[in-house]
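This report refers to the structure that appears directly beneath it.
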Amino acid sequence: MNRFLGYVFVAALSFTTPVLAEEMREVPVYFSAGADSAVLSDRIKGYDSVIYTIGAEAGQTIDIKLSTKHTATYFNLYGPGSGPGDQAIMNSQFTPELNHYTGTLPSSGTYKISVYMMRSAARRGEVANFDIRIGITGKTGAIVRGDYADGLQGGPDFWEVQTGDINDPLNLRAGRRSSGGSPRGRSCATWVVGWPRDSAGVRSRRPKGL
């Protein structure tokens, strides 16, 4: 009897444990300036998975909703410093609303959201197309403000352009772009730069004091 119960327990685990992925693609999540959420579309096949990464602060609220017609595709949420193979904060298979989770984040750092397919479907090589909405709301702190210029996610503060030959002319024309709902709430000048092919390099850096 004990041996039989052991077999049942192992079988149950095989249906509820996510599989090891053949391919784990890591995708950083970016919000538009002034936005507090983003919707991403993707697909997985078989044992593949997609891991979405996003920086957030302790005490902020995260809202994740996975939409898919595939009935064996779910997501796990992992805290800073952890990921697939570690203990997850939650599994969307067991949330009150399937594949939808809203919760308060316990610590500051980079969170990972892993979208995967259950073993029974993965071994058949099934394909799941999906949309995932990821939102972060609440007061920001040093983690978010120290990394990004606009909102919770964004790009570099400005671009610095250097030519390979000081005699090459740069064609500059100035415009103005509104930063809209960004935390700084101000407009900034935008320079459109033209140069001969292969004669310039472009890199980004953050100015001191910003």
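A note on labels: chains of the structure tokens are A, B, ... as shown, every chain counts residues from 1, and ligands are counted from 1 in their shown order.
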Using the chain letters and numbers from this document, which residues of segment 21-70 of chain A does DSSP assign to strand (DSSP E or B), as a PyMOL selection string? chain A and resi 24-28+37-45+49-56+61-68
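By only C-alpha atoms, and with residues fewer than 3 positions from Ile134 of chain A along its chain excluded, the set lying at most 7 Å from it is Ser37, Ala38, Val39, Asp63, Ile64 and Lys65 of chain A.
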Closest of A:Ser82, A:Tyr74, A:Gly55, A:Val29 to Tyr116 of chain A, counting only C-alpha atoms, is A:Tyr74
Of the residues A:Ser120, A:Thr104, A:Thr95, A:Ser114, which is the one nearest to Asn76 of chain A, using only C-alpha atoms?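 Nearest to Asn76 of chain A: A:Ser114.
Atom to atom, atom CA of Asn99 of chain A and atom CA of Gly141 of chain A stand 28.5 Å apart.
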What is the distance, in Å and to one decimal place, between atom CA of Gln60 of chain A and atom CA of Phe130 of chain A?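 It comes out at 25.5 Å.
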